[in-house]
Amino acid sequence: MSLTPGTHLAQFEVVAPIGAGGMGEVYRARDSRLGRDVALKVLPEHLAGDSEMRARFEHEARAIAAISHPNIMAIHELAVVDGQPIAVVELLEGENLRSRIGRGLMPWREAVELAVHVADGLAAAHAKGIVHRDVKPENVFITTEGRPKILDFGLARTEPAMAALAAASTFIATEPGRVLGTVGYMAPEQVRGEPADPATDLFALGCTMVEMLTGQRPFVRATPADSLAALLNEPAPNLLLSGIDAPPRLADVVAHCLEKDRSQRFTSARDLAAALRALLNDSASTQATVARRRARMRSLAVLPFVNTSGESEADYLSDGITESIINSLSQLPKLRVVPRSTVFAYKGVAVNPRSVGLALNVDSLVTGRVTQQGPLLNIQAELVDVTTETQVWGDQYRHPVSELISLQEQIAWQISEALRIRLSAPQKKRFQKQATRSGEAYHEYLRGRHEWSKWRQDGFLKAIEHFEAAIRIDPKYARAYAGLAETYGALGYYGHLATDVAMTRASAAAYAALDLDPQLAEAYGAIGVCRMFHSWDWIGAEHRCGRASSSSRAIRRCTCTWDCCTRRWGGTTRRWRPCGVAASSIRYRC
């Protein structure tokens, strides 16, 4: 269906054509009912009579309408005029990425920022089960505000200025599903006619990043046949050899996107976005400082141990072992350990070590499997170097369940030895300190943490039962009191229990924990929550949360306080007063 300016389709008046390609025609139109400009997408005349293409057009429109994301072009509605489907989409002002690349190479930071947004958009689509299959510069639009938008999920179009380039592109359809792709951006599995998946889009985004940074498409040769042969058989170009001014780690990220084997690419678009954001955090002015810091401090993530027992009831053991090793290793000096809240996003997910290492910006990963066979536990653990994807250390343990506490300490100690981290005598004492000597109390504590991590009211209530059972068995178990404090704080915060009651109980349990262990981070965090959401003591909350952070990293522990000289609406002017320094000796400049 070709439209001319002035044509009326329901409440839409066609203003002018915007672009046309092999799979769609786009027109600027005015929505008289809502008083806004929109874009109309219709099938070209040579496809309008094809029932299969019409069905595909409608299916794609409905699928994308289910996605709401700022980096994906929105579809307002799908109308049918004279028996032909018309997609009403948002009107974008700006230029496509192809035009931007045509104006010159992009600085690495600009290219990475754009790729982060595209990866975020793809992650939203993949979460809905939608694979783009044709990511390329023509299908990424940059608005006048600088926001990238992903276009044409399965409906490729070409701007008039790019008609010559489109004519040189080859489109290949494969069965089943007639997957479309453009030579130069297709993944190897598309060439082989295999079904596309999220990793297919990541390969195309990797090709697009190479083009943004170098101006060259990585696998394009003189003819389409030569290009396909290069794609299947030749290695991806090394960005380090291209002469671009960019961090070396960027070359690793792009190369990881362009792996021939899809299982070796990033696990998800979310992981790719995380790896790219980690690059942006290292500005050019601080690269030397970051390099020196990294030379002093190693980084590690303990991925959730896998429960291979076949019984979901044993999940508390695998989760508890993971959390215990994280807590132990976080006490080591010069070692950055990724927190539980971050790594547990990978629970139950098959991961590639290199992908996770880039996403979490760590040097090493700890992985493991736990199998419970009656009274015996079989634990396998290994330490992997992310850069080389080689195993640095690994061991297998078979012990009674009752020896779980000492077994976890042994695993954490051997990991520290493999990392070659030297500990002073006080550090060794802290590292080897046992929270409880009762195996029964410890198992109740693990069950409580497992229920707590479900973040549901019934889980919180069950967690309280387990924490109280642990305290009855071992009244000096500080971590059990801290768990009780965190649980009551969560019940009060989410309105499952009266705030006064919940926060009072949380505060009492937290102070009981600190009486037993004055350096327990979880207790300080619970007190911080109470002061923030119950007492509205912002400075006290900040102080306690700061103590929680420093305690968890085994940094300087003290009784520093905030001294405030003035209070203003919306904020407080304050200055930190170190331990042992009298307030009268500090001159405030407010």
# chains A, B, ... in the order shown; residues from 1 in each chain; ligands from 1
$ closest_atom_pairs --of "segment 392-459 of chain A" --to "segment 475-493 of chain A" --cutoff "10 Å" --atoms "only C-alpha atoms" --output "tab-separated table"
residue	atom	partner	partner_atom	distance
A:Gln434	CA	A:Tyr477	CA	9.8
A:Ala435	CA	A:Tyr477	CA	6.4
A:Thr436	CA	A:Tyr477	CA	5.8
A:Arg437	CA	A:Tyr477	CA	9.0
A:Ser438	CA	A:Tyr477	CA	9.2
A:Ala441	CA	A:Tyr477	CA	8.2
A:Tyr442	CA	A:Ala480	CA	8.7
A:Glu444	CA	A:Ala480	CA	8.9
A:Tyr445	CA	A:Ala480	CA	6.1
A:Leu446	CA	A:Ala480	CA	9.4
A:Gly448	CA	A:Gly483	CA	7.7
A:Arg449	CA	A:Gly483	CA	7.2
A:Glu451	CA	A:Thr487	CA	9.9
A:Trp452	CA	A:Thr487	CA	6.8
A:Ser453	CA	A:Thr487	CA	9.7
A:Trp455	CA	A:Ala490	CA	8.4
A:Arg456	CA	A:Leu491	CA	9.2
A:Gln457	CA	A:Leu491	CA	7.2
A:Gly459	CA	A:Thr487	CA	9.5
$ write_last_selection --atoms "N, CA and C atoms" --output "PDB file, in the first residue's frame"
ATOM      1  N   GLN A 434      34.828 -18.717  64.372  1.00  0.00           N
ATOM      2  CA  GLN A 434      33.574 -19.423  64.143  1.00  0.00           C
ATOM      3  C   GLN A 434      32.428 -18.673  64.813  1.00  0.00           C
ATOM      4  N   ALA A 435      31.349 -18.434  64.030  1.00  0.00           N
ATOM      5  CA  ALA A 435      30.203 -17.720  64.589  1.00  0.00           C
ATOM      6  C   ALA A 435      29.489 -18.564  65.631  1.00  0.00           C
ATOM      7  N   THR A 436      29.501 -19.869  65.453  1.00  0.00           N
ATOM      8  CA  THR A 436      28.908 -20.798  66.423  1.00  0.00           C
ATOM      9  C   THR A 436      29.623 -22.136  66.299  1.00  0.00           C
ATOM     10  N   ARG A 437      29.637 -22.871  67.392  1.00  0.00           N
ATOM     11  CA  ARG A 437      30.233 -24.210  67.367  1.00  0.00           C
ATOM     12  C   ARG A 437      29.161 -25.297  67.282  1.00  0.00           C
ATOM     13  N   SER A 438      27.911 -24.880  67.242  1.00  0.00           N
ATOM     14  CA  SER A 438      26.809 -25.837  67.182  1.00  0.00           C
ATOM     15  C   SER A 438      26.395 -26.048  65.724  1.00  0.00           C
ATOM     16  N   ALA A 441      22.600 -25.442  65.387  1.00  0.00           N
ATOM     17  CA  ALA A 441      22.231 -24.018  65.336  1.00  0.00           C
ATOM     18  C   ALA A 441      22.590 -23.427  63.983  1.00  0.00           C
ATOM     19  N   TYR A 442      23.720 -23.844  63.441  1.00  0.00           N
ATOM     20  CA  TYR A 442      24.148 -23.316  62.163  1.00  0.00           C
ATOM     21  C   TYR A 442      23.167 -23.708  61.048  1.00  0.00           C
ATOM     22  N   GLU A 444      19.990 -24.312  61.399  1.00  0.00           N
ATOM     23  CA  GLU A 444      18.785 -23.493  61.573  1.00  0.00           C
ATOM     24  C   GLU A 444      19.019 -22.084  61.012  1.00  0.00           C
ATOM     25  N   TYR A 445      20.204 -21.566  61.239  1.00  0.00           N
ATOM     26  CA  TYR A 445      20.533 -20.240  60.713  1.00  0.00           C
ATOM     27  C   TYR A 445      20.496 -20.249  59.181  1.00  0.00           C
ATOM     28  N   LEU A 446      21.074 -21.280  58.558  1.00  0.00           N
ATOM     29  CA  LEU A 446      21.071 -21.372  57.092  1.00  0.00           C
ATOM     30  C   LEU A 446      19.646 -21.466  56.550  1.00  0.00           C
ATOM     31  N   GLY A 448      17.048 -20.226  57.955  1.00  0.00           N
ATOM     32  CA  GLY A 448      16.478 -18.894  58.120  1.00  0.00           C
ATOM     33  C   GLY A 448      16.913 -17.951  57.019  1.00  0.00           C
ATOM     34  N   ARG A 449      18.204 -17.983  56.679  1.00  0.00           N
ATOM     35  CA  ARG A 449      18.691 -17.113  55.604  1.00  0.00           C
ATOM     36  C   ARG A 449      18.060 -17.490  54.266  1.00  0.00           C
ATOM     37  N   GLU A 451      15.048 -18.802  53.780  1.00  0.00           N
ATOM     38  CA  GLU A 451      13.671 -18.309  53.753  1.00  0.00           C
ATOM     39  C   GLU A 451      13.650 -16.790  53.625  1.00  0.00           C
ATOM     40  N   TRP A 452      14.568 -16.130  54.308  1.00  0.00           N
ATOM     41  CA  TRP A 452      14.642 -14.659  54.257  1.00  0.00           C
ATOM     42  C   TRP A 452      14.891 -14.172  52.836  1.00  0.00           C
ATOM     43  N   SER A 453      15.733 -14.885  52.095  1.00  0.00           N
ATOM     44  CA  SER A 453      16.112 -14.446  50.747  1.00  0.00           C
ATOM     45  C   SER A 453      14.980 -14.561  49.739  1.00  0.00           C
ATOM     46  N   TRP A 455      12.138 -13.086  50.049  1.00  0.00           N
ATOM     47  CA  TRP A 455      11.527 -11.753  50.064  1.00  0.00           C
ATOM     48  C   TRP A 455      10.005 -11.831  49.927  1.00  0.00           C
ATOM     49  N   ARG A 456       9.420 -12.746  50.708  1.00  0.00           N
ATOM     50  CA  ARG A 456       7.968 -12.851  50.794  1.00  0.00           C
ATOM     51  C   ARG A 456       7.563 -12.878  52.260  1.00  0.00           C
ATOM     52  N   GLN A 457       6.323 -12.503  52.546  1.00  0.00           N
ATOM     53  CA  GLN A 457       5.890 -12.451  53.937  1.00  0.00           C
ATOM     54  C   GLN A 457       5.987 -13.826  54.599  1.00  0.00           C
ATOM     55  N   GLY A 459       7.948 -16.205  53.797  1.00  0.00           N
ATOM     56  CA  GLY A 459       9.365 -16.518  53.977  1.00  0.00           C
ATOM     57  C   GLY A 459       9.948 -15.815  55.189  1.00  0.00           C
TER      58      GLY A 459
END
$ closest_atom_pairs --of "segment 239-344 of chain A" --to "segment 187-210 of chain A" --cutoff "7 Å" --atoms "only C-alpha atoms" --output "JSON lines"
{"residue": "A:Val254", "atom": "CA", "partner": "A:Gly206", "partner_atom": "CA", "distance": 5.5}
{"residue": "A:Cys257", "atom": "CA", "partner": "A:Phe203", "partner_atom": "CA", "distance": 5.1}
{"residue": "A:Leu258", "atom": "CA", "partner": "A:Phe203", "partner_atom": "CA", "distance": 5.2}
{"residue": "A:Lys260", "atom": "CA", "partner": "A:Pro188", "partner_atom": "CA", "distance": 6.3}
{"residue": "A:Arg262", "atom": "CA", "partner": "A:Ala199", "partner_atom": "CA", "distance": 5.9}
{"residue": "A:Arg265", "atom": "CA", "partner": "A:Ala199", "partner_atom": "CA", "distance": 6.6}
{"residue": "A:Ser268", "atom": "CA", "partner": "A:Pro198", "partner_atom": "CA", "distance": 6.9}
{"residue": "A:Ala269", "atom": "CA", "partner": "A:Leu202", "partner_atom": "CA", "distance": 6.7}
$ closest_atom_pairs --of "segment 87-132 of chain A" --to "segment 27-38 of chain A" --cutoff "7 Å" --atoms "only C-alpha atoms" --output "CSV"
residue,atom,partner,partner_atom,distance
A:Val88,CA,A:Val38,CA,6.8
A:Val89,CA,A:Val38,CA,6.1
A:Glu90,CA,A:Val38,CA,5.2
A:Leu91,CA,A:Val38,CA,4.7
$ write_last_selection --atoms "C-alpha atoms" --output "short mmCIF file (atom, residue, chain, number, x, y, z; two decimals), in the first residue's frame"
data_model
loop_
_atom_site.label_atom_id
_atom_site.label_comp_id
_atom_site.auth_asym_id
_atom_site.auth_seq_id
_atom_site.Cartn_x
_atom_site.Cartn_y
_atom_site.Cartn_z
CA VAL A 88 1.27 3.29 14.19
CA VAL A 89 4.62 3.98 15.85
CA GLU A 90 6.29 6.89 17.59
CA LEU A 91 7.82 9.51 15.31
#
$ closest_residue --among "A:Pro85, A:His256, A:Leu97, A:Asn378" --to "Asp50 of chain A" --atoms "only C-alpha atoms"
A:Pro85
$ atom_distance --atom1 "atom CA of Val384 of chain A" --atom2 "atom CA of Val366 of chain A"
6.4 Å
$ closest_residue --among "A:Gly215, A:Gly374, A:Gly243, A:Pro248" --to "Arg98 of chain A" --atoms "only C-alpha atoms"
A:Gly215
$ select_by_dssp --residues "segment 36-141 of chain A" --states "strand (DSSP E)" --output "list of chain:residue names"
A:Arg36, A:Asp37, A:Val38, A:Ala39, A:Leu40, A:Lys41, A:Val42, A:Ile75, A:His76, A:Glu77, A:Leu78, A:Ala79, A:Val80, A:Val81, A:Gln84, A:Pro85, A:Ile86, A:Ala87, A:Val88, A:Val89, A:Glu90, A:Gly94, A:Glu95, A:Asn96, A:Val140, A:Phe141
$ write_last_selection --atoms "C-alpha atoms" --output "PDB file, in the first residue's frame"
ATOM      1  CA  ARG A  36       0.358  14.525  17.698  1.00  0.00           C
ATOM      2  CA  ASP A  37       2.673  13.483  14.886  1.00  0.00           C
ATOM      3  CA  VAL A  38       3.249   9.767  14.427  1.00  0.00           C
ATOM      4  CA  ALA A  39       4.856   7.418  11.921  1.00  0.00           C
ATOM      5  CA  LEU A  40       2.842   4.893   9.896  1.00  0.00           C
ATOM      6  CA  LYS A  41       4.467   1.643   8.785  1.00  0.00           C
ATOM      7  CA  VAL A  42       2.814  -0.327   5.995  1.00  0.00           C
ATOM      8  CA  ILE A  75       4.240   0.972  18.744  1.00  0.00           C
ATOM      9  CA  HIS A  76       1.033   2.846  19.603  1.00  0.00           C
ATOM     10  CA  GLU A  77      -1.456   0.624  17.817  1.00  0.00           C
ATOM     11  CA  LEU A  78      -2.048  -1.776  14.933  1.00  0.00           C
ATOM     12  CA  ALA A  79      -4.813  -0.608  12.605  1.00  0.00           C
ATOM     13  CA  VAL A  80      -6.386  -2.331   9.611  1.00  0.00           C
ATOM     14  CA  VAL A  81      -7.358  -0.094   6.670  1.00  0.00           C
ATOM     15  CA  GLN A  84      -4.244  -3.998   5.102  1.00  0.00           C
ATOM     16  CA  PRO A  85      -2.413  -3.810   8.474  1.00  0.00           C
ATOM     17  CA  ILE A  86      -0.819  -0.488   9.421  1.00  0.00           C
ATOM     18  CA  ALA A  87       1.459  -0.082  12.446  1.00  0.00           C
ATOM     19  CA  VAL A  88       1.265   3.295  14.192  1.00  0.00           C
ATOM     20  CA  VAL A  89       4.622   3.984  15.847  1.00  0.00           C
ATOM     21  CA  GLU A  90       6.290   6.890  17.590  1.00  0.00           C
ATOM     22  CA  GLY A  94      17.337  12.611  14.538  1.00  0.00           C
ATOM     23  CA  GLU A  95      19.490  10.259  12.476  1.00  0.00           C
ATOM     24  CA  ASN A  96      20.225   6.570  12.283  1.00  0.00           C
ATOM     25  CA  VAL A 140      19.561   1.900  15.497  1.00  0.00           C
ATOM     26  CA  PHE A 141      18.175   5.438  15.531  1.00  0.00           C
TER      27      PHE A 141
END
$ select_by_dssp --residues "segment 95-274 of chain A" --states "helix (DSSP H, G or I)" --output "PyMOL selection string"
chain A and resi 97-102+108-127+137-139+160-168+188-191+198-214+224-233+239-241+248-257+262-264+269-274
$ closest_residue --among "A:Val220, A:Ile471, A:Ala314, A:Leu47" --to "Gln373 of chain A" --atoms "only C-alpha atoms"
A:Ala314
$ atom_distance --atom1 "atom CA of Gly181 of chain A" --atom2 "atom CA of Lys136 of chain A"
9.5 Å
$ closest_residue --among "A:Thr214, A:Thr267, A:Ser324, A:Gln372" --to "Ala251 of chain A" --atoms "only C-alpha atoms"
A:Thr214
$ residues_around --residues "Pro5 of chain A" --least-positions-apart "4" --cutoff "8 Å" --atoms "only C-alpha atoms" --output "ChimeraX atom specification"
/A:13-17
$ atom_distance --atom1 "atom CA of Ile411 of chain A" --atom2 "atom CA of Thr322 of chain A"
10.7 Å
$ residues_around --residues "Arg336 of chain A" --least-positions-apart "5" --cutoff "8 Å" --atoms "only C-alpha atoms" --output "list in words"
Met297, Arg298, Ser299, Leu300 and Ser330 of chain A
$ write_last_selection --atoms "N, CA and C atoms" --output "JSON list (two decimals), in the first residue's frame"
[["chain", "number", "residue", "atom", "x", "y", "z"],
["A", 297, "MET", "N", 44.97, -4.80, 44.60],
["A", 297, "MET", "CA", 43.77, -5.49, 45.05],
["A", 297, "MET", "C", 43.24, -6.42, 43.97],
["A", 298, "ARG", "N", 43.04, -7.67, 44.31],
["A", 298, "ARG", "CA", 42.43, -8.61, 43.41],
["A", 298, "ARG", "C", 40.91, -8.57, 43.60],
["A", 299, "SER", "N", 40.20, -9.16, 42.66],
["A", 299, "SER", "CA", 38.74, -9.16, 42.75],
["A", 299, "SER", "C", 38.22, -10.57, 42.46],
["A", 300, "LEU", "N", 37.12, -10.91, 43.12],
["A", 300, "LEU", "CA", 36.62, -12.28, 43.05],
["A", 300, "LEU", "C", 35.11, -12.29, 43.25],
["A", 330, "SER", "N", 35.40, -12.04, 52.26],
["A", 330, "SER", "CA", 35.32, -10.57, 52.32],
["A", 330, "SER", "C", 36.17, -10.00, 53.45]]
$ closest_residue --among "A:Leu239, A:Val386, A:Val338, A:Ala66" --to "Ile130 of chain A" --atoms "only C-alpha atoms"
A:Ala66
$ closest_residue --among "A:Leu520, A:Ala230, A:Val370, A:Ala502" --to "Phe533 of chain A" --atoms "only C-alpha atoms"
A:Ala502
